[in-house]
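Enquirer: Sharing coords_23.csv (CSV, C-alpha atoms (C1' of nucleotides)) below.
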```csv
chain,number,residue,atom,x,y,z
H,26,MET,CA,17.1,-16.1,10.1
H,27,ARG,CA,17.3,-19.7,8.9
H,28,GLU,CA,20.7,-21.0,10.0
H,29,LYS,CA,21.2,-23.8,7.5
H,30,ARG,CA,21.3,-22.4,4.0
H,31,ARG,CA,23.5,-22.4,1.0
H,32,TRP,CA,25.2,-19.1,0.4
H,33,ARG,CA,25.2,-17.5,-3.0
H,34,LYS,CA,27.5,-14.6,-4.0
H,35,THR,CA,24.6,-12.2,-4.2
H,36,ASP,CA,23.6,-13.2,-0.6
H,37,ILE,CA,27.1,-12.6,0.7
H,38,ALA,CA,27.3,-9.2,-1.1
H,39,ALA,CA,23.9,-8.2,0.3
H,40,GLU,CA,24.7,-9.5,3.8
H,41,PHE,CA,28.0,-7.5,4.1
H,42,SER,CA,26.7,-4.3,2.4
H,43,HIS,CA,23.4,-4.3,4.5
H,44,PRO,CA,23.9,-6.3,7.7
H,45,LEU,CA,20.5,-6.2,9.5
H,46,PRO,CA,20.7,-5.8,13.3
H,47,TRP,CA,18.1,-8.2,14.5
H,48,ARG,CA,16.4,-7.8,17.9
H,49,LYS,CA,15.4,-11.2,19.5
H,50,ILE,CA,12.1,-11.2,21.2
H,51,GLU,CA,11.6,-14.3,23.5
H,52,ALA,CA,9.2,-15.5,26.1
H,53,GLU,CA,7.8,-18.9,27.1
H,54,GLY,CA,6.7,-20.4,23.8
H,55,LEU,CA,7.3,-17.1,22.0
H,56,ASP,CA,10.1,-16.6,19.4
H,57,CYS,CA,10.3,-13.5,17.2
H,58,ASP,CA,12.9,-11.5,15.4
H,59,TYR,CA,12.6,-7.7,14.7
H,60,ALA,CA,14.6,-5.5,12.4
H,61,LEU,CA,14.4,-2.3,10.4
H,62,LEU,CA,14.3,-3.6,6.9
H,63,PHE,CA,13.9,-0.4,4.9
H,64,SER,CA,15.3,3.1,5.3
H,65,LYS,CA,12.8,5.9,5.9
H,66,ASP,CA,13.2,7.1,2.3
H,67,GLU,CA,12.6,3.7,0.9
H,68,ALA,CA,9.7,2.9,3.3
H,69,ASP,CA,8.1,6.2,2.3
H,70,ARG,CA,8.4,5.3,-1.4
H,71,LEU,CA,7.0,1.8,-0.9
H,72,PHE,CA,4.1,3.0,1.3
H,73,LYS,CA,3.1,5.6,-1.4
H,74,GLN,CA,3.3,2.9,-4.1
H,75,LEU,CA,1.2,0.5,-2.2
H,76,GLU,CA,-1.5,3.1,-1.6
H,77,GLU,CA,-1.8,3.4,-5.3
H,78,GLU,CA,-1.5,-0.3,-6.2
H,79,VAL,CA,-3.4,-2.4,-3.6
H,80,GLU,CA,-7.0,-3.1,-4.3
H,81,TYR,CA,-8.9,-3.9,-1.0
H,82,PHE,CA,-12.0,-6.0,-0.6
H,83,THR,CA,-15.2,-4.2,-0.6
H,84,GLU,CA,-17.2,-3.6,2.6
H,85,GLU,CA,-19.8,-6.2,2.2
H,86,LYS,CA,-17.2,-9.0,1.8
H,87,ALA,CA,-15.4,-7.7,5.0
H,88,GLN,CA,-18.3,-8.1,7.5
H,89,VAL,CA,-18.2,-10.2,10.6
H,90,ARG,CA,-21.1,-11.4,12.8
H,91,VAL,CA,-20.5,-10.8,16.6
H,92,PHE,CA,-23.2,-11.6,19.1
H,93,GLY,CA,-25.8,-11.8,16.4
H,94,LYS,CA,-24.9,-8.3,14.9
H,95,LEU,CA,-23.1,-7.7,11.7
H,96,HIS,CA,-20.2,-5.3,11.8
H,97,SER,CA,-17.8,-4.0,9.2
H,98,ILE,CA,-14.3,-5.0,10.2
H,99,PRO,CA,-12.4,-2.0,11.4
H,100,ARG,CA,-9.7,-2.1,8.7
H,101,LYS,CA,-9.3,-3.0,5.0
H,102,GLN,CA,-7.9,-6.3,3.7
H,103,ALA,CA,-6.5,-7.7,0.4
H,104,THR,CA,-4.8,-10.9,-0.5
H,105,TYR,CA,-2.1,-11.4,-3.1
H,106,GLY,CA,0.1,-14.3,-4.1
H,107,GLU,CA,0.8,-17.1,-6.6
H,108,PRO,CA,-2.1,-17.5,-9.1
H,109,GLY,CA,-4.9,-19.7,-7.9
H,110,LEU,CA,-4.0,-19.7,-4.2
H,111,MET,CA,-6.9,-19.7,-1.9
H,112,TYR,CA,-6.9,-18.6,1.7
H,113,SER,CA,-9.7,-18.7,4.2
H,114,PHE,CA,-9.9,-16.4,7.3
H,115,SER,CA,-12.9,-15.1,9.3
H,116,GLY,CA,-14.9,-17.8,7.7
H,117,VAL,CA,-14.5,-16.5,4.1
H,118,GLN,CA,-12.4,-17.9,1.3
H,119,HIS,CA,-10.3,-15.4,-0.6
H,120,LEU,CA,-8.6,-15.9,-4.0
H,121,ALA,CA,-5.1,-14.3,-4.2
H,122,ARG,CA,-4.6,-11.6,-6.8
H,123,PRO,CA,-1.4,-11.9,-8.7
H,124,TRP,CA,1.7,-10.1,-7.2
H,125,THR,CA,2.0,-6.4,-7.9
H,126,PRO,CA,5.5,-4.9,-8.7
H,127,THR,CA,5.8,-3.4,-5.3
H,128,LEU,CA,4.7,-6.5,-3.5
H,129,ASP,CA,7.1,-8.5,-5.6
H,130,TYR,CA,9.9,-6.1,-4.5
H,131,ILE,CA,9.1,-6.2,-0.8
H,132,ARG,CA,8.6,-10.0,-0.9
H,133,ASP,CA,12.1,-10.4,-2.4
H,134,ALA,CA,13.6,-8.0,0.2
H,135,VAL,CA,12.1,-10.2,3.0
H,136,THR,CA,13.5,-13.3,1.4
H,137,GLU,CA,16.9,-11.7,1.1
H,138,ALA,CA,16.8,-10.8,4.8
H,139,THR,CA,15.5,-14.1,6.1
H,140,GLY,CA,16.4,-16.9,3.6
H,141,ARG,CA,12.7,-17.8,3.4
H,142,THR,CA,10.4,-17.8,0.5
H,143,PHE,CA,6.7,-16.9,0.5
H,144,ASN,CA,3.8,-17.6,-1.8
H,145,PHE,CA,1.1,-15.4,-0.3
H,146,VAL,CA,0.6,-12.1,1.4
H,147,LEU,CA,-2.3,-10.7,3.5
H,148,VAL,CA,-2.5,-6.9,3.4
H,149,ASN,CA,-4.2,-5.1,6.2
H,150,ARG,CA,-4.7,-1.3,6.1
H,151,TYR,CA,-5.5,0.6,9.2
H,152,LYS,CA,-6.7,4.1,8.2
H,153,ASP,CA,-6.0,5.7,11.6
H,154,GLY,CA,-5.8,4.8,15.3
H,155,HIS,CA,-9.5,3.8,15.4
H,156,ASP,CA,-8.8,0.9,13.0
H,157,HIS,CA,-7.5,-2.2,14.8
H,158,ILE,CA,-7.6,-6.0,15.0
H,159,GLY,CA,-8.6,-8.0,18.1
H,160,GLU,CA,-6.7,-10.9,19.6
H,161,HIS,CA,-6.2,-13.8,17.3
H,162,ARG,CA,-3.6,-16.4,16.3
H,163,ASP,CA,-2.5,-17.0,12.7
H,164,ASP,CA,-3.2,-20.7,13.0
H,165,GLU,CA,-5.0,-21.5,9.7
H,166,LYS,CA,-4.4,-25.1,8.8
H,167,GLU,CA,-3.3,-24.3,5.3
H,168,LEU,CA,-0.2,-22.5,6.6
H,169,ASP,CA,3.1,-24.3,6.3
H,170,PRO,CA,3.9,-24.9,10.0
H,171,GLY,CA,7.7,-24.8,9.3
H,172,CYS,CA,7.6,-21.3,7.8
H,173,PRO,CA,7.6,-18.2,10.0
H,174,ILE,CA,5.1,-15.4,9.2
H,175,ALA,CA,6.9,-12.2,8.1
H,176,SER,CA,5.1,-9.0,9.0
H,177,VAL,CA,6.2,-5.8,7.2
H,178,SER,CA,4.9,-2.5,8.6
H,179,LEU,CA,4.7,0.8,6.6
H,180,GLY,CA,3.2,4.1,7.6
H,181,ALA,CA,2.1,5.1,11.1
H,182,ALA,CA,4.0,3.2,13.9
H,183,ARG,CA,1.5,1.2,16.0
H,184,ASP,CA,1.7,-0.8,19.3
H,185,PHE,CA,1.5,-4.6,18.9
H,186,VAL,CA,0.6,-6.9,21.8
H,187,PHE,CA,1.2,-10.6,22.4
H,188,ARG,CA,-0.8,-12.4,25.1
H,189,HIS,CA,-0.3,-16.0,26.2
H,190,ARG,CA,-3.3,-18.2,25.5
H,191,GLU,CA,-3.4,-19.3,29.2
H,192,ALA,CA,-3.2,-15.7,30.5
H,193,ARG,CA,-6.2,-14.3,28.7
H,194,GLY,CA,-10.0,-14.1,29.2
H,195,PRO,CA,-12.0,-14.4,32.4
H,196,GLY,CA,-10.3,-16.6,35.1
H,197,PRO,CA,-6.8,-16.9,33.4
H,198,ARG,CA,-5.1,-20.2,34.4
H,199,ARG,CA,-1.7,-18.5,34.7
H,200,HIS,CA,-0.2,-15.0,35.0
H,201,ILE,CA,2.1,-14.4,32.1
H,202,ASP,CA,3.1,-10.8,31.3
H,203,PRO,CA,2.0,-9.6,27.8
H,204,VAL,CA,4.8,-8.8,25.4
H,205,LYS,CA,4.4,-5.4,23.8
H,206,LEU,CA,6.4,-3.7,21.1
H,207,GLU,CA,6.0,-0.9,18.6
H,208,LEU,CA,6.1,-1.7,14.9
H,209,ALA,CA,8.0,1.0,13.2
H,210,HIS,CA,7.7,2.4,9.6
H,211,GLY,CA,9.8,0.0,7.4
H,212,SER,CA,10.1,-2.7,10.1
H,213,LEU,CA,10.0,-6.5,9.7
H,214,LEU,CA,8.7,-8.8,12.5
H,215,LEU,CA,9.3,-12.5,12.1
H,216,MET,CA,7.0,-14.7,14.0
H,217,ASN,CA,8.7,-18.1,14.4
H,218,GLN,CA,7.3,-21.4,15.6
H,219,PRO,CA,5.8,-22.1,18.0
H,220,THR,CA,4.7,-18.5,18.7
H,221,ASN,CA,1.4,-18.8,17.0
H,222,THR,CA,0.3,-21.9,18.9
H,223,HIS,CA,0.8,-20.4,22.4
H,224,TRP,CA,0.4,-16.6,21.9
H,225,TYR,CA,-2.4,-14.4,20.6
H,226,HIS,CA,-1.6,-11.1,19.1
H,227,SER,CA,-3.5,-7.9,18.5
H,228,LEU,CA,-3.2,-4.3,17.2
H,229,PRO,CA,-5.1,-2.3,19.7
H,230,ALA,CA,-6.8,1.0,18.9
H,231,ARG,CA,-4.7,4.1,19.6
H,232,LYS,CA,-7.0,7.1,19.2
H,233,ARG,CA,-4.3,9.8,19.0
H,234,ILE,CA,-2.9,8.2,15.8
H,235,LEU,CA,-4.4,10.0,12.8
H,236,SER,CA,-2.5,8.6,9.8
H,237,PRO,CA,-2.7,5.2,8.1
H,238,ARG,CA,-0.6,2.0,8.5
H,239,VAL,CA,-0.3,-0.7,5.9
H,240,ASN,CA,0.8,-4.2,7.2
H,241,LEU,CA,1.9,-7.0,4.9
H,242,THR,CA,2.0,-10.6,6.4
H,243,PHE,CA,3.9,-12.9,4.1
H,244,ARG,CA,3.1,-16.5,4.5
H,245,ARG,CA,3.7,-19.9,2.9
H,246,ILE,CA,0.5,-21.8,2.1
H,247,VAL,CA,0.6,-25.5,1.5
H,248,SER,CA,-2.0,-26.8,-0.9
H,249,GLN,CA,-4.0,-29.9,0.2
H,250,GLY,CA,-2.2,-32.1,-2.4
H,251,GLN,CA,1.3,-31.1,-1.3
H,252,LYS,CA,0.4,-31.7,2.3
H,253,GLU,CA,-0.7,-35.3,1.6
H,254,GLN,CA,2.4,-36.2,-0.4
H,255,ARG,CA,5.1,-35.0,2.0
H,256,PRO,CA,5.3,-33.1,5.3
H,257,SER,CA,7.2,-30.5,3.3
H,258,GLN,CA,10.3,-28.2,3.8
E,13,DC,C1',-23.8,-36.8,13.3
E,14,DG,C1',-24.5,-34.1,17.5
E,15,DC,C1',-22.3,-31.5,20.7
E,16,DA,C1',-18.3,-28.8,22.6
E,17,DC,C1',-15.4,-25.2,21.7
E,18,DG,C1',-13.4,-20.9,19.8
E,19,DT,C1',-14.3,-16.7,17.5
E,20,DC,C1',-15.1,-11.8,16.3
E,21,DA,C1',-16.3,-6.1,17.5
E,22,DA,C1',-18.8,-2.7,20.2
E,23,DC,C1',-20.5,-1.0,24.3
E,24,DC,C1',-20.1,0.2,29.1
E,25,DC,C1',-17.5,1.1,33.0
E,26,DT,C1',-13.4,2.4,35.7
N,25,DT,C1',-7.9,7.5,26.5
N,26,DA,C1',-6.6,2.6,27.8
N,27,DG,C1',-8.0,-1.6,29.3
N,28,DG,C1',-11.1,-5.2,31.0
N,29,DG,C1',-15.6,-7.5,31.3
N,30,DT,C1',-19.8,-8.6,28.9
N,31,DT,C1',-22.9,-9.6,25.0
N,32,DG,C1',-24.4,-15.0,20.7
N,33,DA,C1',-24.6,-16.9,16.2
N,34,DC,C1',-22.1,-19.7,13.6
N,35,DG,C1',-18.3,-22.6,11.7
N,36,DT,C1',-15.2,-26.1,12.7
N,37,DG,C1',-13.5,-30.3,14.7
N,38,DC,C1',-13.8,-34.2,17.6
```
I'd like the structure from this file rewritten - as structure tokens, please.

Expert:
Amino acid sequence: MREKRRWRKTDIAAEFSHPLPWRKIEAEGLDCDYALLFSKDEADRLFKQLEEEVEYFTEEKAQVRVFGKLHSIPRKQATYGEPGLMYSFSGVQHLARPWTPTLDYIRDAVTEATGRTFNFVLVNRYKDGHDHIGEHRDDEKELDPGCPIASVSLGAARDFVFRHREARGPGPRRHIDPVKLELAHGSLLLMNQPTNTHWYHSLPARKRILSPRVNLTFRRIVSQGQKEQRPSQ
DNA sequence: CGCACGTCAACCCT
DNA sequence: TAGGGTTGACGTGC
């Protein structure tokens, strides 16, 4: 999706043999691109491999305190990436495990499709429609602000909802319609700037869904040192 | 350094 | 079953 890039022969071959039809998703301050990245057969294979490879955090590490009470988060999480990378979310620092072969493969496919490189992935596994995630923004300060977040979905298709920050909560300042889409098996959703500063997103519960979904959000993390030297990119 | 602000999931109700 | 309001301790930033 990056316009200015140097073309290599392999890129051109890949581009003409597998042209990805992107669907643009736009609203005030929201800019996303959606495409089917993998065929059903390939997505099936990748999902099965990830189910064998990915090692999720244990329950005690994945607890959150809400209104004084501790709750287990309604999903499983894991982090992978370049050795030594740390990432903090929900108030906990996580050390990235080294890339697995399947995560390697998917990361390269995303790079091929977008012209972007990533050094980290957060894996979220929703075992069925009861598992979900509440409204949030991916606005961690260690993220490279110039790099989109690339979200790959495998397994059960799930609804995905964006809501503008000024149109949520009690007494919303403005009325802005939420943006809803279904994330299909094998799909890729690119969240470009400045989407994550103005819009929250969530994966709401869908109780009729009985099968699991695995979501991979590829990111570019800037280390503190790099950030001080140059604005980067 | 003290205070304002944002966050997270479950429960209840419609 | 979906969606919206309601519940506070704690971390972060100004």

Enquirer: Please indicate the distance in Å from C1' of DC23 (chain E) to CA of Arg190 (chain H), rounded to one decimal place.

Expert: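 C1' of DC23 (chain E) sits 24.4 Å away from CA of Arg190 (chain H).
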
Enquirer: How many Å separate CA of Trp47 (chain H) from CA of Leu62 (chain H)?

Expert: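 Taking CA of Trp47 (chain H) as the start and CA of Leu62 (chain H) as the end point, the length is 9.7 Å.
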
Enquirer: Give me the residues of chain N that have any atom at most 9 Å from an atom of chain H; for each, the nearest atom pair and the distance in Å, rounded to one decimal. Use all atoms listed in the file, sort by chain and number, and format it as a tab-separated table.

Expert:
```
residue	atom	partner	partner_atom	distance
N:DT25	C1'	H:Lys232	CA	7.4
N:DA26	C1'	H:Arg231	CA	8.5
N:DG29	C1'	H:Pro195	CA	7.9
N:DT31	C1'	H:Phe92	CA	6.2
N:DG32	C1'	H:Phe92	CA	3.9
N:DA33	C1'	H:Gly93	CA	5.2
N:DC34	C1'	H:Arg90	CA	8.4
N:DG35	C1'	H:Gly116	CA	7.1
```

Enquirer: For the atom pair CA of Ser236 (chain H) and CA of Leu179 (chain H), what is the interatomic distance in Å to one decimal place?

Expert: 11.1 Å

Enquirer: Wanna dump the chain E-chain H contacts at 12 Å for me, each residue with its shortest atom pair and the distance in Å to one decimal, counting all atoms listed in the file, ordered by chain and number, as JSON lines?

Expert:
```
{"residue": "E:DG18", "atom": "C1'", "partner": "H:His161", "partner_atom": "CA", "distance": 10.4}
{"residue": "E:DT19", "atom": "C1'", "partner": "H:Ser115", "partner_atom": "CA", "distance": 8.5}
{"residue": "E:DC20", "atom": "C1'", "partner": "H:Val91", "partner_atom": "CA", "distance": 5.5}
{"residue": "E:DA21", "atom": "C1'", "partner": "H:Val91", "partner_atom": "CA", "distance": 6.4}
{"residue": "E:DA22", "atom": "C1'", "partner": "H:His96", "partner_atom": "CA", "distance": 8.9}
```

Enquirer: Write to file, as an mmCIF file, in the frame of the given file, the residues of the selection just made, with C-alpha atoms (C1' of nucleotides).

Expert:
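Dumped everything to part.cif:
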```
data_model
loop_
_atom_site.group_PDB
_atom_site.id
_atom_site.type_symbol
_atom_site.label_atom_id
_atom_site.label_comp_id
_atom_site.auth_asym_id
_atom_site.auth_seq_id
_atom_site.Cartn_x
_atom_site.Cartn_y
_atom_site.Cartn_z
ATOM 1 C "C1'" DG E 18 -13.400 -20.900 19.800
ATOM 2 C "C1'" DT E 19 -14.300 -16.700 17.500
ATOM 3 C "C1'" DC E 20 -15.100 -11.800 16.300
ATOM 4 C "C1'" DA E 21 -16.300 -6.100 17.500
ATOM 5 C "C1'" DA E 22 -18.800 -2.700 20.200
#
```

Enquirer: The residues within 9 Å of (-4.2, 3.7, 6.8), using all atoms listed in the file and the coordinates of the file, should be reported as a PyMOL selection string; which are they?

Expert: chain H and resi 76+100-101+149-154+156+180-181+235-239

Enquirer: Which residue out of H:Leu206, H:Ile201, H:Leu110, H:Ile131 has the minimum interatomic distance to Arg48 (chain H) when only C-alpha atoms are used?

Expert: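 Looking only at the distances to Arg48 (chain H), the closest residue turns out to be H:Leu206.
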
Enquirer: With the input short on atoms, add all heavy atoms back to region 57-68 of chain H and write it as a PDB file, in the frame of the given file.

Expert:
```pdb
ATOM      1  N   CYS H  57      10.383 -14.428  18.340  1.00  0.00           N
ATOM      2  CA  CYS H  57      10.300 -13.500  17.200  1.00  0.00           C
ATOM      3  C   CYS H  57      11.592 -12.789  16.986  1.00  0.00           C
ATOM      4  O   CYS H  57      12.463 -12.745  17.858  1.00  0.00           O
ATOM      5  CB  CYS H  57       9.198 -12.424  17.547  1.00  0.00           C
ATOM      6  SG  CYS H  57       7.513 -13.065  17.648  1.00  0.00           S
ATOM      7  N   ASP H  58      11.731 -12.269  15.766  1.00  0.00           N
ATOM      8  CA  ASP H  58      12.900 -11.500  15.400  1.00  0.00           C
ATOM      9  C   ASP H  58      12.386 -10.178  14.780  1.00  0.00           C
ATOM     10  O   ASP H  58      11.465 -10.194  13.956  1.00  0.00           O
ATOM     11  CB  ASP H  58      13.759 -12.221  14.383  1.00  0.00           C
ATOM     12  CG  ASP H  58      14.316 -13.514  14.941  1.00  0.00           C
ATOM     13  OD1 ASP H  58      15.286 -13.430  15.720  1.00  0.00           O
ATOM     14  OD2 ASP H  58      13.783 -14.595  14.631  1.00  0.00           O
ATOM     15  N   TYR H  59      13.006  -9.065  15.182  1.00  0.00           N
ATOM     16  CA  TYR H  59      12.600  -7.700  14.700  1.00  0.00           C
ATOM     17  C   TYR H  59      13.735  -6.980  14.167  1.00  0.00           C
ATOM     18  O   TYR H  59      14.825  -6.996  14.742  1.00  0.00           O
ATOM     19  CB  TYR H  59      11.933  -6.991  15.896  1.00  0.00           C
ATOM     20  CG  TYR H  59      11.469  -5.598  15.562  1.00  0.00           C
ATOM     21  CD1 TYR H  59      10.205  -5.386  15.011  1.00  0.00           C
ATOM     22  CD2 TYR H  59      12.282  -4.487  15.798  1.00  0.00           C
ATOM     23  CE1 TYR H  59       9.766  -4.102  14.705  1.00  0.00           C
ATOM     24  CE2 TYR H  59      11.852  -3.204  15.499  1.00  0.00           C
ATOM     25  CZ  TYR H  59      10.588  -3.018  14.949  1.00  0.00           C
ATOM     26  OH  TYR H  59      10.167  -1.754  14.648  1.00  0.00           O
ATOM     27  N   ALA H  60      13.509  -6.323  13.022  1.00  0.00           N
ATOM     28  CA  ALA H  60      14.600  -5.500  12.400  1.00  0.00           C
ATOM     29  C   ALA H  60      13.977  -4.405  11.584  1.00  0.00           C
ATOM     30  O   ALA H  60      12.828  -4.494  11.147  1.00  0.00           O
ATOM     31  CB  ALA H  60      15.473  -6.395  11.547  1.00  0.00           C
ATOM     32  N   LEU H  61      14.758  -3.349  11.373  1.00  0.00           N
ATOM     33  CA  LEU H  61      14.400  -2.300  10.400  1.00  0.00           C
ATOM     34  C   LEU H  61      14.866  -2.772   9.048  1.00  0.00           C
ATOM     35  O   LEU H  61      16.064  -2.867   8.823  1.00  0.00           O
ATOM     36  CB  LEU H  61      14.946  -0.964  10.801  1.00  0.00           C
ATOM     37  CG  LEU H  61      14.297  -0.324  12.023  1.00  0.00           C
ATOM     38  CD1 LEU H  61      14.982   0.982  12.385  1.00  0.00           C
ATOM     39  CD2 LEU H  61      12.795  -0.096  11.788  1.00  0.00           C
ATOM     40  N   LEU H  62      13.933  -3.086   8.159  1.00  0.00           N
ATOM     41  CA  LEU H  62      14.300  -3.600   6.900  1.00  0.00           C
ATOM     42  C   LEU H  62      14.534  -2.550   5.822  1.00  0.00           C
ATOM     43  O   LEU H  62      15.413  -2.685   4.977  1.00  0.00           O
ATOM     44  CB  LEU H  62      13.131  -4.541   6.386  1.00  0.00           C
ATOM     45  CG  LEU H  62      13.287  -5.257   5.048  1.00  0.00           C
ATOM     46  CD1 LEU H  62      14.479  -6.204   5.068  1.00  0.00           C
ATOM     47  CD2 LEU H  62      12.009  -6.019   4.700  1.00  0.00           C
ATOM     48  N   PHE H  63      13.768  -1.455   5.904  1.00  0.00           N
ATOM     49  CA  PHE H  63      13.900  -0.400   4.900  1.00  0.00           C
ATOM     50  C   PHE H  63      14.228   0.939   5.582  1.00  0.00           C
ATOM     51  O   PHE H  63      13.784   1.218   6.700  1.00  0.00           O
ATOM     52  CB  PHE H  63      12.539  -0.210   4.167  1.00  0.00           C
ATOM     53  CG  PHE H  63      12.099  -1.438   3.414  1.00  0.00           C
ATOM     54  CD1 PHE H  63      10.944  -2.114   3.786  1.00  0.00           C
ATOM     55  CD2 PHE H  63      12.830  -1.910   2.325  1.00  0.00           C
ATOM     56  CE1 PHE H  63      10.531  -3.240   3.084  1.00  0.00           C
ATOM     57  CE2 PHE H  63      12.418  -3.040   1.620  1.00  0.00           C
ATOM     58  CZ  PHE H  63      11.269  -3.706   2.008  1.00  0.00           C
ATOM     59  N   SER H  64      15.047   1.750   4.882  1.00  0.00           N
ATOM     60  CA  SER H  64      15.300   3.100   5.300  1.00  0.00           C
ATOM     61  C   SER H  64      14.045   3.929   5.259  1.00  0.00           C
ATOM     62  O   SER H  64      13.077   3.522   4.607  1.00  0.00           O
ATOM     63  CB  SER H  64      16.380   3.755   4.415  1.00  0.00           C
ATOM     64  OG  SER H  64      15.823   3.943   3.122  1.00  0.00           O
ATOM     65  N   LYS H  65      14.048   5.089   5.906  1.00  0.00           N
ATOM     66  CA  LYS H  65      12.800   5.900   5.900  1.00  0.00           C
ATOM     67  C   LYS H  65      12.455   6.306   4.466  1.00  0.00           C
ATOM     68  O   LYS H  65      11.279   6.231   4.099  1.00  0.00           O
ATOM     69  CB  LYS H  65      13.027   7.173   6.739  1.00  0.00           C
ATOM     70  CG  LYS H  65      11.755   7.996   6.778  1.00  0.00           C
ATOM     71  CD  LYS H  65      11.854   9.274   7.552  1.00  0.00           C
ATOM     72  CE  LYS H  65      10.497   9.967   7.632  1.00  0.00           C
ATOM     73  NZ  LYS H  65       9.890  10.219   6.313  1.00  0.00           N
ATOM     74  N   ASP H  66      13.448   6.714   3.666  1.00  0.00           N
ATOM     75  CA  ASP H  66      13.200   7.100   2.300  1.00  0.00           C
ATOM     76  C   ASP H  66      12.528   5.995   1.486  1.00  0.00           C
ATOM     77  O   ASP H  66      11.562   6.197   0.757  1.00  0.00           O
ATOM     78  CB  ASP H  66      14.434   7.615   1.583  1.00  0.00           C
ATOM     79  CG  ASP H  66      14.822   9.014   2.045  1.00  0.00           C
ATOM     80  OD1 ASP H  66      14.043   9.602   2.829  1.00  0.00           O
ATOM     81  OD2 ASP H  66      15.883   9.505   1.627  1.00  0.00           O
ATOM     82  N   GLU H  67      13.101   4.786   1.631  1.00  0.00           N
ATOM     83  CA  GLU H  67      12.600   3.700   0.900  1.00  0.00           C
ATOM     84  C   GLU H  67      11.190   3.241   1.364  1.00  0.00           C
ATOM     85  O   GLU H  67      10.290   2.937   0.586  1.00  0.00           O
ATOM     86  CB  GLU H  67      13.530   2.470   0.898  1.00  0.00           C
ATOM     87  CG  GLU H  67      13.132   1.408  -0.104  1.00  0.00           C
ATOM     88  CD  GLU H  67      14.218   0.384  -0.364  1.00  0.00           C
ATOM     89  OE1 GLU H  67      15.064   0.144   0.531  1.00  0.00           O
ATOM     90  OE2 GLU H  67      14.214  -0.180  -1.454  1.00  0.00           O
ATOM     91  N   ALA H  68      11.034   3.262   2.677  1.00  0.00           N
ATOM     92  CA  ALA H  68       9.700   2.900   3.300  1.00  0.00           C
ATOM     93  C   ALA H  68       8.662   3.918   2.807  1.00  0.00           C
ATOM     94  O   ALA H  68       7.533   3.529   2.492  1.00  0.00           O
ATOM     95  CB  ALA H  68       9.829   2.868   4.773  1.00  0.00           C
TER      96      ALA H  68
END
```
